[in-house]
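J.: Sharing a structure here in C-alpha cells format.
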Amino acid sequence: MSKTPKQDRFATPLIAWQATHGRHDLPWQRTTDPYRVWLSEIMLQQTQVSTVLAYYERFLQRFPDVKALAAASQDDVLALWSGLGYYSRARNLHACAKAVVAEHGGEFPKTAEVLQTLPGIGRSTAAAIASFCFGERVAILDGNVKRVLTRFLAFDKDLAVPRHERELWSAATELLPHADMPAYTQGIMDLGATVCLARSPQCLLCPVQAECAARQTGTQDRFPIKTRKLKRSKRENAWLWLSKGDDLWLCQRPETGVWAGLWSLPEFASPEELAALAETWPGTATALPSFTHVLTHLDWTLHPLHVALSPRVTQKALASITALLPAGGWYGLDEALAMGLPAPLRKLLKTGVT
C-alpha cells in the first residue's frame, strides 16, 4: 500500500474529481454568502435537490437576506415552506435568523464552533457553512458523507452508539486536506449523492476506489452500520372541514408535534365523535375519502368530514358551533391557501381529495 499520507490518498483525488465530475450548477454553489449556503443546507436536510430548487428560489425572492427573514412573521415563513415537510426546520430557520440579527448584528459567525450555538444548526451544517463560506478546515458528516467514509475506511462500528459516531467524526477530521476546503467539502457531498449511492454504488466511477477498503473486500452494502431502528406508530383522527359559503374554519396547531404551528382543520379523536358533534348542525355533512399520511415515525390516517353550513344559519347558531371548536377563525379559500397549511390539506382544499 502507498505510504502517501491518508489525507492525500483520499482528499487529493477527491478534489481533482470534483473539479471535472462534481456538481457545479446548483444555485447555492455560486455564492459564498453564508445566508444562502445556510438556507440551502437546512432545506436539503432529508429533502431531494430537485424538490429544494423551487423552494430555494422562492425563499430568496421573498426573504433576500437574513434581516428580511428575521423581520417576517412565523406564519409567513411557514406558508412559504408549506409542502417541503419537516416543519421544525422552518421554525428553526426563523429562530436562527432572529438570533443572527439580535446576537450577531445580522452577520453569520465565521467558525463552525459558534455557528453551532444558533437554533437549528447542528455540527455538520455548521461545518458546511464554515467550510464553503470561510474556508475553515472542519469536517462534515451528513448521511451521504457517513456512507462514503464508512465504506472508504470499512468503519464497522455501530453508528447508533454515540461514541462510535464521535470516532467517525475524528476519522473524518483526519482525512481533511490542508487547503481547498470548499472543493473538498463539495466533492465529498457530490460523491455521496451521485456515485457512492446507498444501493448499487457506481464504484468504477469513484476517484478513491483503489483505496476504498469496502470496495477491496466487496462489502460496500454493509456500510454504514446502524442497528437502532426507528419505531413507527399508527394514529387515527377525524378532520372537520367546516364551510360557510366560501369561507372555512381554520385553527393553528400546537407549537409541538406533527405540523407544529401550521394552520389546519379542527381535529377530533374519531369520526364517530365528530359525527355526533355535527349531527344537529344546520347544513349538509359529507364524509370524504379517508387517507393515510406517512411521516418518518408515524402512519397517520385521517377521516375528513365536510360540513357545509346552511346559508340561513343564524349568528347565534354559528357562535354556538364555533365555541365547540379549537380557537381559530373564518378564512376565504384563497386566503387559506396563502397560509402555512399541511400539504394534504392544501391538496384537499384545491381538489376535494387528498
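Please note that chains go A, B, ... in the order of the C-alpha cells, that every chain numbers its residues from 1, and that ligands are numbered from 1 in the order shown.
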Excluding stretch 224-232 of chain A and any residue of its chain fewer than 5 positions from it, enumerate the residues within 8 Å of it, using only C-alpha atoms, and give them as a ChimeraX atom specification.

T.: /A:146-147,150-151,155-160,296-299

J.: Select from stretch 215-272 of chain A every residue with an atom at most 6 Å from any atom of stretch 326-340 of chain A, then for each give the shortest pair of atoms and their distance in Å to one decimal, using only C-alpha atoms, rows by chain and rising number, as JSON lines.

T.:
```
{"residue": "A:Asp246", "atom": "CA", "partner": "A:Gly332", "partner_atom": "CA", "distance": 5.9}
{"residue": "A:Asp247", "atom": "CA", "partner": "A:Gly332", "partner_atom": "CA", "distance": 4.4}
{"residue": "A:Leu248", "atom": "CA", "partner": "A:Trp330", "partner_atom": "CA", "distance": 5.3}
{"residue": "A:Trp249", "atom": "CA", "partner": "A:Trp330", "partner_atom": "CA", "distance": 4.6}
{"residue": "A:Leu250", "atom": "CA", "partner": "A:Gly328", "partner_atom": "CA", "distance": 5.5}
{"residue": "A:Cys251", "atom": "CA", "partner": "A:Gly328", "partner_atom": "CA", "distance": 4.1}
{"residue": "A:Leu262", "atom": "CA", "partner": "A:Gly340", "partner_atom": "CA", "distance": 5.4}
{"residue": "A:Trp263", "atom": "CA", "partner": "A:Gly340", "partner_atom": "CA", "distance": 5.9}
```

J.: With only C-alpha atoms as the counted atoms, please give the residues lying no more than 12 Å from stretch 9-11 of chain A, apart from itself and same-chain residues fewer than 2 positions off, as a CSV table (one decimal) with all heavy atoms, in the first residue's frame.

T.:
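That gives us out-v5.csv:
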```
chain,number,residue,atom,x,y,z
A,1,MET,N,0.8,-1.2,0.0
A,1,MET,CA,0.0,0.0,0.0
A,1,MET,C,0.9,1.2,0.0
A,1,MET,O,1.9,1.3,0.6
A,1,MET,CB,-0.9,0.0,1.2
A,1,MET,CG,-1.8,1.2,1.3
A,1,MET,SD,-3.2,1.1,2.5
A,1,MET,CE,-4.1,-0.3,1.7
A,2,SER,N,0.4,2.3,-0.7
A,2,SER,CA,1.1,3.5,-0.8
A,2,SER,C,1.4,4.1,0.6
A,2,SER,O,0.6,4.0,1.5
A,2,SER,CB,0.4,4.5,-1.6
A,2,SER,OG,1.0,5.8,-1.5
A,3,LYS,N,2.6,4.7,0.8
A,3,LYS,CA,2.9,5.4,2.0
A,3,LYS,C,2.5,6.9,2.0
A,3,LYS,O,2.8,7.6,2.9
A,3,LYS,CB,4.4,5.3,2.3
A,3,LYS,CG,4.8,3.8,2.6
A,3,LYS,CD,6.3,3.7,2.9
A,3,LYS,CE,6.7,2.3,3.1
A,3,LYS,NZ,8.2,2.2,3.5
A,4,THR,N,1.8,7.3,1.0
A,4,THR,CA,1.3,8.6,0.9
A,4,THR,C,0.4,8.9,2.1
A,4,THR,O,-0.4,8.0,2.5
A,4,THR,CB,0.5,8.8,-0.4
A,4,THR,OG1,1.3,8.5,-1.5
A,4,THR,CG2,0.0,10.3,-0.5
A,5,PRO,N,0.4,10.0,2.8
A,5,PRO,CA,-0.4,10.3,3.9
A,5,PRO,C,-1.9,10.0,3.5
A,5,PRO,O,-2.3,10.2,2.4
A,5,PRO,CB,-0.2,11.8,4.2
A,5,PRO,CG,1.2,12.0,3.7
A,5,PRO,CD,1.4,11.1,2.5
A,6,LYS,N,-2.6,9.6,4.5
A,6,LYS,CA,-4.0,9.2,4.3
A,6,LYS,C,-4.8,10.3,3.7
A,6,LYS,O,-5.7,10.1,2.8
A,6,LYS,CB,-4.7,8.8,5.7
A,6,LYS,CG,-6.0,8.2,5.5
A,6,LYS,CD,-6.6,7.8,6.9
A,6,LYS,CE,-5.9,6.7,7.5
A,6,LYS,NZ,-6.5,6.3,8.8
A,7,GLN,N,-4.6,11.6,4.1
A,7,GLN,CA,-5.3,12.7,3.6
A,7,GLN,C,-5.1,12.8,2.0
A,7,GLN,O,-6.1,13.0,1.3
A,7,GLN,CB,-4.9,14.0,4.2
A,7,GLN,CG,-5.1,14.1,5.7
A,7,GLN,CD,-3.8,13.9,6.4
A,7,GLN,OE1,-3.1,13.0,6.1
A,7,GLN,NE2,-3.6,14.8,7.4
A,13,PRO,N,-7.3,13.0,-4.7
A,13,PRO,CA,-8.1,12.6,-5.9
A,13,PRO,C,-9.6,13.1,-5.8
A,13,PRO,O,-10.2,13.3,-6.9
A,13,PRO,CB,-8.1,11.0,-5.8
A,13,PRO,CG,-7.7,10.7,-4.4
A,13,PRO,CD,-6.8,11.8,-4.0
A,14,LEU,N,-10.1,13.2,-4.6
A,14,LEU,CA,-11.5,13.7,-4.5
A,14,LEU,C,-11.6,15.1,-5.0
A,14,LEU,O,-12.6,15.5,-5.7
A,14,LEU,CB,-11.9,13.6,-3.0
A,14,LEU,CG,-13.4,14.1,-2.7
A,14,LEU,CD1,-14.4,13.2,-3.5
A,14,LEU,CD2,-13.6,14.0,-1.2
A,15,ILE,N,-10.7,16.0,-4.6
A,15,ILE,CA,-10.7,17.4,-5.1
A,15,ILE,C,-10.6,17.5,-6.6
A,15,ILE,O,-11.3,18.2,-7.3
A,15,ILE,CB,-9.6,18.2,-4.4
A,15,ILE,CG1,-10.0,18.3,-2.9
A,15,ILE,CG2,-9.5,19.6,-5.0
A,15,ILE,CD1,-8.9,18.9,-2.0
A,16,ALA,N,-9.7,16.6,-7.2
A,16,ALA,CA,-9.5,16.6,-8.6
A,16,ALA,C,-10.8,16.1,-9.3
A,16,ALA,O,-11.2,16.7,-10.4
A,16,ALA,CB,-8.3,15.7,-9.0
A,17,TRP,N,-11.4,15.1,-8.7
A,17,TRP,CA,-12.6,14.6,-9.3
A,17,TRP,C,-13.7,15.6,-9.3
A,17,TRP,O,-14.5,15.8,-10.3
A,17,TRP,CB,-13.0,13.3,-8.6
A,17,TRP,CG,-14.4,12.8,-8.9
A,17,TRP,CD1,-14.6,11.9,-9.9
A,17,TRP,CD2,-15.6,13.0,-8.3
A,17,TRP,NE1,-16.0,11.6,-10.0
A,17,TRP,CE2,-16.6,12.3,-9.0
A,17,TRP,CE3,-16.0,13.8,-7.2
A,17,TRP,CZ2,-18.0,12.3,-8.6
A,17,TRP,CZ3,-17.4,13.9,-6.9
A,17,TRP,CH2,-18.3,13.1,-7.6
A,18,GLN,N,-13.8,16.3,-8.2
A,18,GLN,CA,-14.9,17.3,-8.1
A,18,GLN,C,-14.8,18.4,-9.1
A,18,GLN,O,-15.8,18.9,-9.7
A,18,GLN,CB,-14.9,18.0,-6.7
A,18,GLN,CG,-16.2,18.6,-6.3
A,18,GLN,CD,-16.4,20.0,-6.9
A,18,GLN,OE1,-15.5,20.7,-7.1
A,18,GLN,NE2,-17.7,20.3,-7.1
A,139,ALA,N,-14.7,19.1,9.4
A,139,ALA,CA,-15.3,18.0,8.7
A,139,ALA,C,-16.9,18.1,8.8
A,139,ALA,O,-17.4,18.7,9.8
A,139,ALA,CB,-14.9,16.7,9.3
A,148,VAL,N,-20.0,7.4,2.5
A,148,VAL,CA,-18.7,7.5,1.8
A,148,VAL,C,-17.5,7.1,2.8
A,148,VAL,O,-16.7,6.2,2.4
A,148,VAL,CB,-18.4,8.9,1.3
A,148,VAL,CG1,-17.0,9.0,0.8
A,148,VAL,CG2,-19.4,9.2,0.1
A,149,LEU,N,-17.5,7.7,3.9
A,149,LEU,CA,-16.4,7.4,4.8
A,149,LEU,C,-16.4,6.1,5.5
A,149,LEU,O,-15.3,5.4,5.6
A,149,LEU,CB,-16.4,8.5,5.9
A,149,LEU,CG,-16.1,9.9,5.5
A,149,LEU,CD1,-16.1,10.9,6.6
A,149,LEU,CD2,-14.8,10.0,4.7
A,152,PHE,N,-15.1,3.8,2.7
A,152,PHE,CA,-13.7,4.0,2.4
A,152,PHE,C,-12.8,3.4,3.6
A,152,PHE,O,-11.8,2.8,3.3
A,152,PHE,CB,-13.4,5.5,2.3
A,152,PHE,CG,-12.0,5.8,2.0
A,152,PHE,CD1,-11.5,5.7,0.7
A,152,PHE,CD2,-11.1,6.3,3.0
A,152,PHE,CE1,-10.1,5.9,0.4
A,152,PHE,CE2,-9.8,6.6,2.7
A,152,PHE,CZ,-9.3,6.4,1.4
A,153,LEU,N,-13.2,3.6,4.8
A,153,LEU,CA,-12.4,3.1,5.9
A,153,LEU,C,-12.8,1.8,6.4
A,153,LEU,O,-12.2,1.2,7.3
A,153,LEU,CB,-12.6,4.1,7.1
A,153,LEU,CG,-12.2,5.6,6.8
A,153,LEU,CD1,-12.7,6.5,8.0
A,153,LEU,CD2,-10.7,5.7,6.7
A,171,ALA,N,-12.2,10.4,12.6
A,171,ALA,CA,-11.6,9.9,11.4
A,171,ALA,C,-11.9,10.8,10.2
A,171,ALA,O,-11.0,11.0,9.3
A,171,ALA,CB,-12.2,8.5,11.1
A,172,ALA,N,-13.0,11.5,10.1
A,172,ALA,CA,-13.3,12.4,9.1
A,172,ALA,C,-12.4,13.6,9.2
A,172,ALA,O,-12.0,14.1,8.1
A,172,ALA,CB,-14.8,12.9,9.2
A,173,THR,N,-12.1,14.0,10.4
A,173,THR,CA,-11.2,15.2,10.5
A,173,THR,C,-9.8,14.8,10.1
A,173,THR,O,-9.1,15.7,9.5
A,173,THR,CB,-11.2,15.6,12.0
A,173,THR,OG1,-12.5,16.0,12.4
A,173,THR,CG2,-10.3,16.8,12.2
A,174,GLU,N,-9.3,13.6,10.3
A,174,GLU,CA,-8.0,13.2,9.9
A,174,GLU,C,-7.8,13.2,8.4
A,174,GLU,O,-6.7,13.4,7.9
A,174,GLU,CB,-7.7,11.8,10.5
A,174,GLU,CG,-7.5,11.7,12.0
A,174,GLU,CD,-7.3,10.3,12.5
A,174,GLU,OE1,-7.2,9.4,11.6
A,174,GLU,OE2,-7.2,10.1,13.7
A,175,LEU,N,-8.9,13.0,7.7
A,175,LEU,CA,-8.9,12.9,6.2
A,175,LEU,C,-8.9,14.3,5.6
A,175,LEU,O,-8.7,14.4,4.3
A,175,LEU,CB,-10.0,12.1,5.7
A,175,LEU,CG,-10.0,10.6,5.9
A,175,LEU,CD1,-11.3,9.9,5.5
A,175,LEU,CD2,-8.8,9.9,5.3
A,176,LEU,N,-9.1,15.3,6.3
A,176,LEU,CA,-9.3,16.7,5.7
A,176,LEU,C,-8.0,17.1,5.1
A,176,LEU,O,-6.9,16.9,5.6
A,176,LEU,CB,-9.7,17.7,6.8
A,176,LEU,CG,-11.1,17.5,7.4
A,176,LEU,CD1,-11.2,18.5,8.5
A,176,LEU,CD2,-12.1,17.7,6.3
A,177,PRO,N,-8.1,17.8,3.9
A,177,PRO,CA,-6.9,18.4,3.3
A,177,PRO,C,-6.5,19.7,4.1
A,177,PRO,O,-7.2,20.2,4.9
A,177,PRO,CB,-7.3,18.7,1.9
A,177,PRO,CG,-8.8,19.0,2.1
A,177,PRO,CD,-9.3,18.1,3.1
A,178,HIS,N,-5.3,20.2,3.8
A,178,HIS,CA,-4.9,21.4,4.4
A,178,HIS,C,-5.2,22.7,3.5
A,178,HIS,O,-4.8,23.8,3.9
A,178,HIS,CB,-3.4,21.3,4.7
A,178,HIS,CG,-3.1,20.3,5.8
A,178,HIS,ND1,-3.3,20.6,7.1
A,178,HIS,CD2,-2.6,19.0,5.7
A,178,HIS,CE1,-3.0,19.5,7.8
A,178,HIS,NE2,-2.6,18.5,7.0
A,179,ALA,N,-5.8,22.4,2.4
A,179,ALA,CA,-6.2,23.5,1.5
A,179,ALA,C,-7.4,23.1,0.7
A,179,ALA,O,-7.8,21.9,0.7
A,179,ALA,CB,-5.0,23.9,0.6
A,180,ASP,N,-8.0,24.0,-0.1
A,180,ASP,CA,-9.1,23.7,-0.9
A,180,ASP,C,-10.3,23.1,-0.2
A,180,ASP,O,-11.0,22.2,-0.7
A,180,ASP,CB,-8.7,22.7,-2.1
A,180,ASP,CG,-7.6,23.3,-3.0
A,180,ASP,OD1,-7.7,24.5,-3.3
A,180,ASP,OD2,-6.7,22.5,-3.3
A,181,MET,N,-10.6,23.6,1.0
A,181,MET,CA,-11.7,23.1,1.8
A,181,MET,C,-13.0,23.2,1.1
A,181,MET,O,-13.8,22.2,1.1
A,181,MET,CB,-11.7,23.8,3.1
A,181,MET,CG,-10.8,23.1,4.2
A,181,MET,SD,-11.1,21.3,4.4
A,181,MET,CE,-12.8,21.3,4.8
A,182,PRO,N,-13.4,24.3,0.4
A,182,PRO,CA,-14.7,24.3,-0.3
A,182,PRO,C,-14.8,23.2,-1.3
A,182,PRO,O,-15.8,22.6,-1.4
A,182,PRO,CB,-14.7,25.7,-0.9
A,182,PRO,CG,-13.9,26.5,0.0
A,182,PRO,CD,-12.7,25.6,0.4
A,183,ALA,N,-13.7,23.0,-2.1
A,183,ALA,CA,-13.8,22.0,-3.2
A,183,ALA,C,-13.9,20.6,-2.5
A,183,ALA,O,-14.6,19.7,-3.0
A,183,ALA,CB,-12.6,22.1,-4.1
A,184,TYR,N,-13.1,20.4,-1.5
A,184,TYR,CA,-13.2,19.1,-0.8
A,184,TYR,C,-14.6,18.8,-0.2
A,184,TYR,O,-15.1,17.7,-0.4
A,184,TYR,CB,-12.1,19.0,0.3
A,184,TYR,CG,-12.3,17.8,1.2
A,184,TYR,CD1,-11.7,16.6,0.8
A,184,TYR,CD2,-13.0,17.8,2.4
A,184,TYR,CE1,-11.8,15.5,1.6
A,184,TYR,CE2,-13.1,16.7,3.2
A,184,TYR,CZ,-12.5,15.5,2.8
A,184,TYR,OH,-12.6,14.4,3.5
A,185,THR,N,-15.1,19.8,0.5
A,185,THR,CA,-16.4,19.6,1.1
A,185,THR,C,-17.5,19.3,0.0
A,185,THR,O,-18.3,18.4,0.2
A,185,THR,CB,-16.8,20.8,1.9
A,185,THR,OG1,-15.8,21.0,2.9
A,185,THR,CG2,-18.2,20.6,2.6
A,186,GLN,N,-17.5,20.1,-1.0
A,186,GLN,CA,-18.4,19.9,-2.1
A,186,GLN,C,-18.2,18.5,-2.8
A,186,GLN,O,-19.1,17.8,-3.1
A,186,GLN,CB,-18.3,21.0,-3.2
A,186,GLN,CG,-19.4,20.9,-4.3
A,186,GLN,CD,-20.8,21.1,-3.7
A,186,GLN,OE1,-21.0,22.1,-3.1
A,186,GLN,NE2,-21.7,20.2,-3.9
A,187,GLY,N,-16.9,18.1,-2.9
A,187,GLY,CA,-16.6,16.9,-3.5
A,187,GLY,C,-17.1,15.7,-2.8
A,187,GLY,O,-17.7,14.7,-3.3
A,188,ILE,N,-17.0,15.7,-1.4
A,188,ILE,CA,-17.4,14.5,-0.7
A,188,ILE,C,-18.9,14.4,-0.6
A,188,ILE,O,-19.5,13.4,-0.6
A,188,ILE,CB,-16.8,14.5,0.8
A,188,ILE,CG1,-16.9,13.1,1.4
A,188,ILE,CG2,-17.4,15.6,1.6
A,188,ILE,CD1,-16.1,13.0,2.7
A,191,LEU,N,-19.9,13.1,-4.1
A,191,LEU,CA,-19.6,11.7,-4.3
A,191,LEU,C,-20.6,10.8,-3.6
A,191,LEU,O,-21.1,9.9,-4.2
A,191,LEU,CB,-18.2,11.4,-3.6
A,191,LEU,CG,-17.6,10.0,-3.9
A,191,LEU,CD1,-17.3,9.9,-5.4
A,191,LEU,CD2,-16.4,9.8,-3.0
A,206,CYS,N,-15.7,6.0,-9.1
A,206,CYS,CA,-15.2,6.6,-7.9
A,206,CYS,C,-13.8,7.0,-7.9
A,206,CYS,O,-12.9,6.1,-8.3
A,206,CYS,CB,-15.5,5.7,-6.7
A,206,CYS,SG,-15.0,6.4,-5.1
A,207,PRO,N,-13.4,8.2,-7.6
A,207,PRO,CA,-12.0,8.6,-7.6
A,207,PRO,C,-11.1,8.0,-6.5
A,207,PRO,O,-9.9,8.0,-6.6
A,207,PRO,CB,-12.0,10.1,-7.4
A,207,PRO,CG,-13.3,10.3,-6.6
A,207,PRO,CD,-14.3,9.3,-7.1
A,208,VAL,N,-11.7,7.4,-5.5
A,208,VAL,CA,-10.9,6.8,-4.4
A,208,VAL,C,-11.2,5.3,-4.3
A,208,VAL,O,-10.9,4.6,-3.3
A,208,VAL,CB,-11.3,7.4,-3.1
A,208,VAL,CG1,-10.9,8.9,-3.1
A,208,VAL,CG2,-12.7,7.3,-2.7
A,209,GLN,N,-11.6,4.7,-5.4
A,209,GLN,CA,-11.9,3.2,-5.4
A,209,GLN,C,-10.7,2.4,-5.1
A,209,GLN,O,-10.8,1.4,-4.4
A,209,GLN,CB,-12.5,2.8,-6.7
A,209,GLN,CG,-11.6,3.1,-7.9
A,209,GLN,CD,-12.1,2.4,-9.2
A,209,GLN,OE1,-12.1,1.1,-9.2
A,209,GLN,NE2,-12.5,3.1,-10.2
A,210,ALA,N,-9.5,2.8,-5.5
A,210,ALA,CA,-8.3,2.0,-5.3
A,210,ALA,C,-8.0,1.9,-3.8
A,210,ALA,O,-7.4,0.9,-3.4
A,210,ALA,CB,-7.2,2.6,-6.1
A,211,GLU,N,-8.4,2.9,-3.0
A,211,GLU,CA,-8.0,2.9,-1.6
A,211,GLU,C,-9.2,2.6,-0.7
A,211,GLU,O,-9.1,2.5,0.5
A,211,GLU,CB,-7.5,4.3,-1.2
A,211,GLU,CG,-6.2,4.7,-2.0
A,211,GLU,CD,-5.0,4.0,-1.5
A,211,GLU,OE1,-5.1,3.3,-0.4
A,211,GLU,OE2,-4.0,4.1,-2.1
A,212,CYS,N,-10.4,2.3,-1.3
A,212,CYS,CA,-11.6,2.1,-0.6
A,212,CYS,C,-11.6,0.6,0.0
A,212,CYS,O,-11.6,-0.3,-0.7
A,212,CYS,CB,-12.8,2.3,-1.4
A,212,CYS,SG,-14.4,1.9,-0.6
A,213,ALA,N,-11.6,0.5,1.3
A,213,ALA,CA,-11.5,-0.8,2.0
A,213,ALA,C,-12.7,-1.6,1.7
A,213,ALA,O,-12.6,-2.8,1.5
A,213,ALA,CB,-11.3,-0.6,3.5
```

J.: Report, in Å with one decimal, the straight-line distance from atom CA of A:His24 to atom CA of A:Leu39.

T.: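 If I compute the distance from atom CA of A:His24 to atom CA of A:Leu39, I get 17.6 Å.
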
J.: For stretch 72-80 of chain A, please output as number ranges by chain all residues within 12 Å (counting only C-alpha atoms; exclusion window: fewer than 6 positions along the same chain).

T.: A: 54-66, 86-95, 97-98, 252-253, 255, 259-264, 335-343, 346

J.: Let's see if you can do this: from backbone DSSP, list all alpha helix (DSSP H) residues in stretch 288-342 of chain A, as a PyMOL selection string.

T.: chain A and resi 315-322+333-337

J.: When you draw a straight line from atom CA of A:Gln220 to atom CA of A:Thr20, how long is it in Å?

T.: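 Those two atoms sit 24.6 Å apart.
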
J.: To one decimal place, how far is atom CA of A:Trp169 from atom CA of A:Val52 in Å?

T.: 27.2 Å

J.: Rank nothing, just name the residue among A:Leu53, A:Leu274, A:Leu205, A:Val100 nearest to A:Leu240, using only C-alpha atoms.

T.: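 The shortest atom-to-atom distance to A:Leu240 comes from A:Leu274.
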
J.: Would you mind writing down, as a ChimeraX atom specification, each residue of stretch 42-276 of chain A that DSSP on the backbone assigns to strand (DSSP E)?

T.: /A:233-244,247-252,263-264,267-268

J.: Neighbouring residues of A:Ala99 were defined as those with any atom within 10 Å, considering only C-alpha atoms; residues of the same chain fewer than 3 positions away were excluded. Please report them as a list in words.

T.: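 Result of the neighbour search: Val66, Ala70, Leu93, His94, Ala95, Cys96, Ala102, Glu103, His104, Gly105, Gly106, Phe108, Thr117, Leu118 and Pro119 of chain A.
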
J.: Could the residues in this selection be written to a file with C-alpha atoms, as a PDB file, in the first residue's frame?

T.:
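Dumped to result09.pdb:
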```pdb
ATOM      1  CA  VAL A  66     -31.224  37.229   6.930  1.00  0.00           C
ATOM      2  CA  ALA A  70     -35.875  37.708  10.801  1.00  0.00           C
ATOM      3  CA  LEU A  93     -34.810  28.740  10.330  1.00  0.00           C
ATOM      4  CA  HIS A  94     -36.871  31.686  11.530  1.00  0.00           C
ATOM      5  CA  ALA A  95     -35.465  31.475  15.074  1.00  0.00           C
ATOM      6  CA  CYS A  96     -31.919  31.279  13.721  1.00  0.00           C
ATOM      7  CA  ALA A 102     -30.145  40.065  17.534  1.00  0.00           C
ATOM      8  CA  GLU A 103     -26.892  38.470  18.709  1.00  0.00           C
ATOM      9  CA  HIS A 104     -24.509  38.910  15.781  1.00  0.00           C
ATOM     10  CA  GLY A 105     -25.593  42.157  14.148  1.00  0.00           C
ATOM     11  CA  GLY A 106     -27.013  40.402  11.096  1.00  0.00           C
ATOM     12  CA  PHE A 108     -23.267  34.935  10.415  1.00  0.00           C
ATOM     13  CA  THR A 117     -24.781  27.786  19.022  1.00  0.00           C
ATOM     14  CA  LEU A 118     -27.525  29.056  16.691  1.00  0.00           C
ATOM     15  CA  PRO A 119     -31.003  27.440  16.617  1.00  0.00           C
TER      16      PRO A 119
END
```
